[in-house]
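Visitor: Got a structure for you, written out below as structure tokens; questions coming shortly.
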Amino acid sequence: MNSVQEILSAFYDSAIFVYGLTLIVVYGVLAVLSIIAIRRYLNATRPSQLENLMSSPLAPGISILAPAYNEGLTIIANVRSLLTLNYPKYEIVLINDGSTDDSLEQLINEFDMVAVDFAYHEKIRSKPVRAIYKSRNQAYSNLLVIDKVNGKSKADAVNAGINAAAFDYFVCTDVDCVLHKDTLLELIKPVMQEGGKRVIAIGATLRIANSSEFDEGVMTRMRPPRALLPRFQEVEYIRSFVLGKMGWSAINCVPNVSGGLGLFDREIVIKSGGYDHKSFGEDMELLTRMCGFCEDNKIPYSVRYIPKTLCWTEGPSSLKVFGRQRTRWARGLAQLMYAHKSIFLHPRYGRLGLVVFPYNFFFELLAPVIEASGIIIYLWLGLTGNVNWPYAILLLLFVYTYAIMITTLSILWDQLSFHYYKSVKEVLSLLIMPFLEFLLYHPLITFYSLKGYLFFLTNRRSSWGNMQRQGFRKAKTTT
Amino acid sequence: METTLSDILQDIRSIYYYAPLAIKVAIIFIIVAVSATVLAYLVMLRSRYRNYRQQRRMARMLPKIDELLMNEIIANPNIPHDVAPSKVALDLEPFDELPLHKRWGREMLTERIIHYRNNVSGTAGDLLRNLYLQLDLDKDAMRKLKSRHWNKKVEALNEFTLMDMPIADVTILPLANSRNRELRAAARQAYIKLSKNEPFKFFDSVTDPLLPWDQVELYRIITTTTDIAIPNFARWITYSSNKSVVSFCMKLVVHYNQLAAVPAIIKLLENRDHTLRAEAIEALGRLKIAEVEDRLVHLYTSQPLFCQIAILKALGRIRSGRHIDFLRNEFLHSTDFDLRKAAARAIVKNEIMAREVIDELLATTTGENLLILKHCMNPLIKY
Amino acid sequence: MGKILLVEDDEVMPKIIARILPPPEYEVDIAVNGKEAIQKLEANHYQYDLVITDIMMPYANGFEILSKVKSHEREKPIPVIIVSNAGNEDMIMEGFKLGVDDFLKKPIIPAELVIRVKRLLMRNK
């Protein structure tokens with residue numbers, strides 16, 4: 001009995017210590033890389049630039065793809081706000097994914113739409129398209145509405161949109177996301193500034209919309225969420241985007257462009273086969289395939305992020321919906337790692353195989369497992385009286401303070417660059433979150449992740465359609 | 001018993017000394033993390049305060065600046081109409097109420113003047129520039145231009161470009177070949193806008209690709225600067241070994257409808273680079289050069305897909321109506337969807353001459369082809 | 001006397017236009033976004049002699065306002081001038097398809113705007 005414990009202790013003294021230290025070093029490096037990338041972005045940003053692009057005939061066309069399922073309450077306001085984005089050459093492709101409410105009727109009435117004979121070419125398979133509508137009013141000439149049979153997933157809806165899109169680039173968003181008016185200008189700029197490599201995807205910071213004020217789909221006042229759960233998510237998003245994604249962007253190792261907002265190279269997407277409607281994390285899954293495609297075909301590519309917040313999304317405010325969202329993300333991650341296991345540590349896949357995949361495997365996929373098992377073993381050791389309590393508490397304190405530091409730094413980077421929020425009080429309300437996160441929010445995420453892995457392993461099918469439908473409204477933007 | 005501070009430190013030191021490596025590392029990291037967090041708070045507070053101060057200053061200053069610019073420049077009835085706006089001696093006294101002895105005051109006024117010049121040009125624009133000079137606002141940018149930091153230099157170059165301030169070629173040209181991309185791009189824009197001699201000179205020497213973004217900014221500068229001498233772009237289309245320069249020059253040829261450069265573009269149809277060839281085809285189409293149509297149709301079969309689409313589009317733009325049979329054939333028999341769609345669109349664009357063919361196709365085709373044709377004929381569908 | 005609705009989300013432009021088209025000859029009503037513009041049009045029962053609008057603005061863009069103004073039943077449609085820095089060919093074409101009367105690119109020459117405004121107001125007298 002004693003020897004088993006000794007072995008376990010030894011294991012925790014070495015392997016887990018190395019694991020933890022690596023994770024900590026990775027976060028430290030990300031913090032440094034991200035501030036470098038943010039500085040680079042800010043240095044290359046001047047107010048006149050976007051104006052220049054807006055009036056330029058050389059601006060590349062962009063299609064905005066917005067899938068909607070039963071969004072009748074907000075659909076008109078959201079389409080209106082998409083119609084007023086600043087960009088010289090773009091179209092909006094709204095995909096009505098077999099809504100059972102009156103979304104389509106509302107669109108037809110509001111924008112004077114008629115069904116047209118549209119040469120729809122199915123480059124990527126999707127559920128059948130019933131009809132395609134255009135407006136009779138010239139003022140809405142860049143709006144296109146696709147009415148299709150419900151495919152029970154966002155992936156299927158977006159695929160239909162990709163088929164109908166006219167331009168070389170498309171922006172994928174959710175119809176309930178609110179976009180910044182310069183979104184298209186901001187997203188295409190780094191694509192046009194990249195020399196040598198082909199930018200296949202680019203994303204921007206997402207934030208939680210819950211307590212911000214909106215008027216007919218236009219953001220009027222940005223505010224941190226008041227309720228605790230969404231506020232945790234806001235802080236998590238800042239850390240994940242401003243520090244995480246920006247850091248990875250600096251070394252061209254971005255693992256995922258969020259489904260909430262991203263600009264993609266349409267040709268590469270089509271050649272990679274489009275979104276997978278069976279995936280639970282379709283955005284990350286697609287990006288992995290796109291990167292794999294480029295590696296396979298020796299196309300020098302890059303995936304980028306910009307630190308500016310361009311998209312606000314409603315974060316789940318009830319534990320139930322939140323849990324479903326996170327379970328789904330975790331399941332998606334497990335599914336992805338399993339399906340593309342051949343990429344893992346495969347030198348042919350360059351940074352995808354040697355950096356992105358190993359990092360995601362060890363520090364995203366395994367982290368909840370290691371944490372949970374660590375807690376159980378510690379409890380056991382504690383009950384059998386084998387814990388050196390002062391040391392254990394020191395180690396815990398170490399993890400706690402470090403986590404606080406990293407999150408605080410990400411809020412700092414965000415504040416230094418953009419001075420978001422009106423008052424210091426609002427910033428402080430975010431700054432207290434890292435202190436609570438470790439105790440309240442983090443255990444939740446660990447729990448839901450494990451639940452997601454369990455679902456993946458048992459391949460649970462029950463309530464598939466139901467969950468997908470619910471999920472389509474709330475749980476679709478992975479960070 | 002008394003415990004002094006040094007005793008406590010001694011205790012900590014001994015705990016640290018006897019602890020295993022993991023604990024040592026942990027203790028160090030705890031200290032680092034706590035101090036970094038505290039530092040982050042302080043930096044954040046300072047940055048918020050500075051931002052707040054700047055906002056307050058703007059709220060106070062901008063109405064004053066606007067009032068002055070309106071009364072003294074934009075709508076000043078006392079400004080003589082018979083003097084060139086750049087020579088008018090402006091009454092600077094009212095501007096004394098602005099804190100121009102402070103750098104932030106000067107910066108704010110300069111920014112506002114630039115903002116105004118983005119909205120008005122002509123006499124008013126020239127008067128604003130005159131004011132900028134008479135108030136010596138250019139001195140700050142002059143200093144920035146000499147700064148060691150590249151981003152300061154970029155700021156200065158942009159300010160000069162926007163304010164139309166001449167700079168000596170010797171100052172800009174070295175920057176136009178700088179190793180820093182941002183600086184290089186800014187210097188090139190400034191050079192085109194401000195150089196008195198040969199604004200397009202750097203086209204000869206540029207070896208790195210002009211990125212699409214650089215092209216947007218250069219294009220804007222070139223096409224909006226009124227007193228610029230436009231050279232014959234054939235020179236670079238023929239001789240430049242830099243593909244991006246060739247491609248950019250073709251866009252300028254199209255913009256200026258520079259027919260003298262057309263032979264140089266036609267030569268590019270033999271170029272080995274597919275992208276360049278497609279761009280040449282597109283340019284010829286936009287220029288509506290009907291003489292090259294036969295050549296394009298002849299080339300068609302040997303081209304990759306995107307060049308073929310470019311040819312079909314060009315035939316649609318030229319609209320001579322002489323190759324409708326060819327288009328009809330492509331539309332009916334091509335296996336590729338995009339080719340059929342491009343062909344259909346070209347036929348529809350030739351509508352005046354192709355009326356009969358369109359009617360015939362409408363009556364005889366079925367299925368997808370009919371759909372493509374109707375798609376292209378529908379005025380509600382733009383793309 | 002001409003009553004003009006100016007729709008513009010930049011803060012400087014309305015100030016300039018209000019100055020170069022001064023009362024009592026002109027009455028310039030300013031809307032800072034598309035929504036406000038439509039509200040003002042409706043509240044005033046389209047009793048404007050001229051509309052000057054930018055293209056890209058929050059809530060409703062210039063084309064939408066243009067189409068609203070032009071589709072409003074009136075003896076003579078209200079003339080519309082677009083003043084915008086977004087002036088690529090497609091946009092100008094789109095404006096003319098919707099019946100815009102004049103298209104000015106920023107930066108404008110103030111005197112030119114005044115002349116065009118006068119001409120359009122004369123035409124509709």
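By convention here, the chains of the structure tokens are called A, B, ... in the order presented, each chain's residues are numbered starting at 1, and ligands are numbered starting at 1 in the order presented.
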Running DSSP on the backbone, which parts of range 144-272 of chain B land in alpha helix (DSSP H), as a ChimeraX atom specification?
Guide: /B:144-145,150-163,169-176,181-194,202-205,212-224,234-239,243-256,262-267
Visitor: For a quick test of understanding: name the residues of chain B lying within 10 Å of chain C when counting only C-alpha atoms, and present them as a list in words.
Guide: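 Here is what falls inside 10 Å: Asp66, Glu67, Leu69, Met70, Asn71, Ile74, Ala75, Arg112, His115, Tyr116, Arg117, Asn118, Asn119, Val120, Ser121, Gly122, Thr123, Ala124 and Gly125 of chain B.
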Visitor: Taking only C-alpha atoms into account, find every residue of chain A that has an atom no more than 7 Å from chain C, and write it out as a list in words.
Guide: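 Here is what falls inside 7 Å: Met54, Ser55, Ser56, Pro57, Arg80, Ser81, Thr84, Asn86, Pro88, Gln138 and Ala139 of chain A.
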Visitor: In Å, how far is it from CA of Lys146 in chain B to CA of Met58 in chain B?
Guide: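 Result for CA of Lys146 in chain B versus CA of Met58 in chain B: 27.8 Å, one decimal.
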Visitor: Would you list which chain B residues are within 9 Å of chain A using only C-alpha atoms, as JSON, numbers by chain?
Guide: {"B": [19, 22, 23, 26, 27, 28, 29, 30, 31, 32, 33, 34, 35, 36, 37, 38, 40, 41, 43, 44, 45, 47, 48, 51, 151, 155, 182, 209, 210, 211, 212, 213, 214, 215, 216, 217, 219, 220, 251, 337, 338, 341, 368, 369, 370, 371, 372, 373, 374, 375, 376, 378, 380, 381, 382, 383]}
Visitor: Between CA of Phe264 in chain A and CA of Lys298 in chain A, what is the distance in Å, rounded to a tenth?
Guide: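 Going from CA of Phe264 in chain A over to CA of Lys298 in chain A covers 18.4 Å.
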Visitor: What is the CA of Ile266 in chain B to CA of Lys243 in chain B distance in Å?
Guide: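 Answer for the CA of Ile266 in chain B to CA of Lys243 in chain B separation: 15.6 Å.
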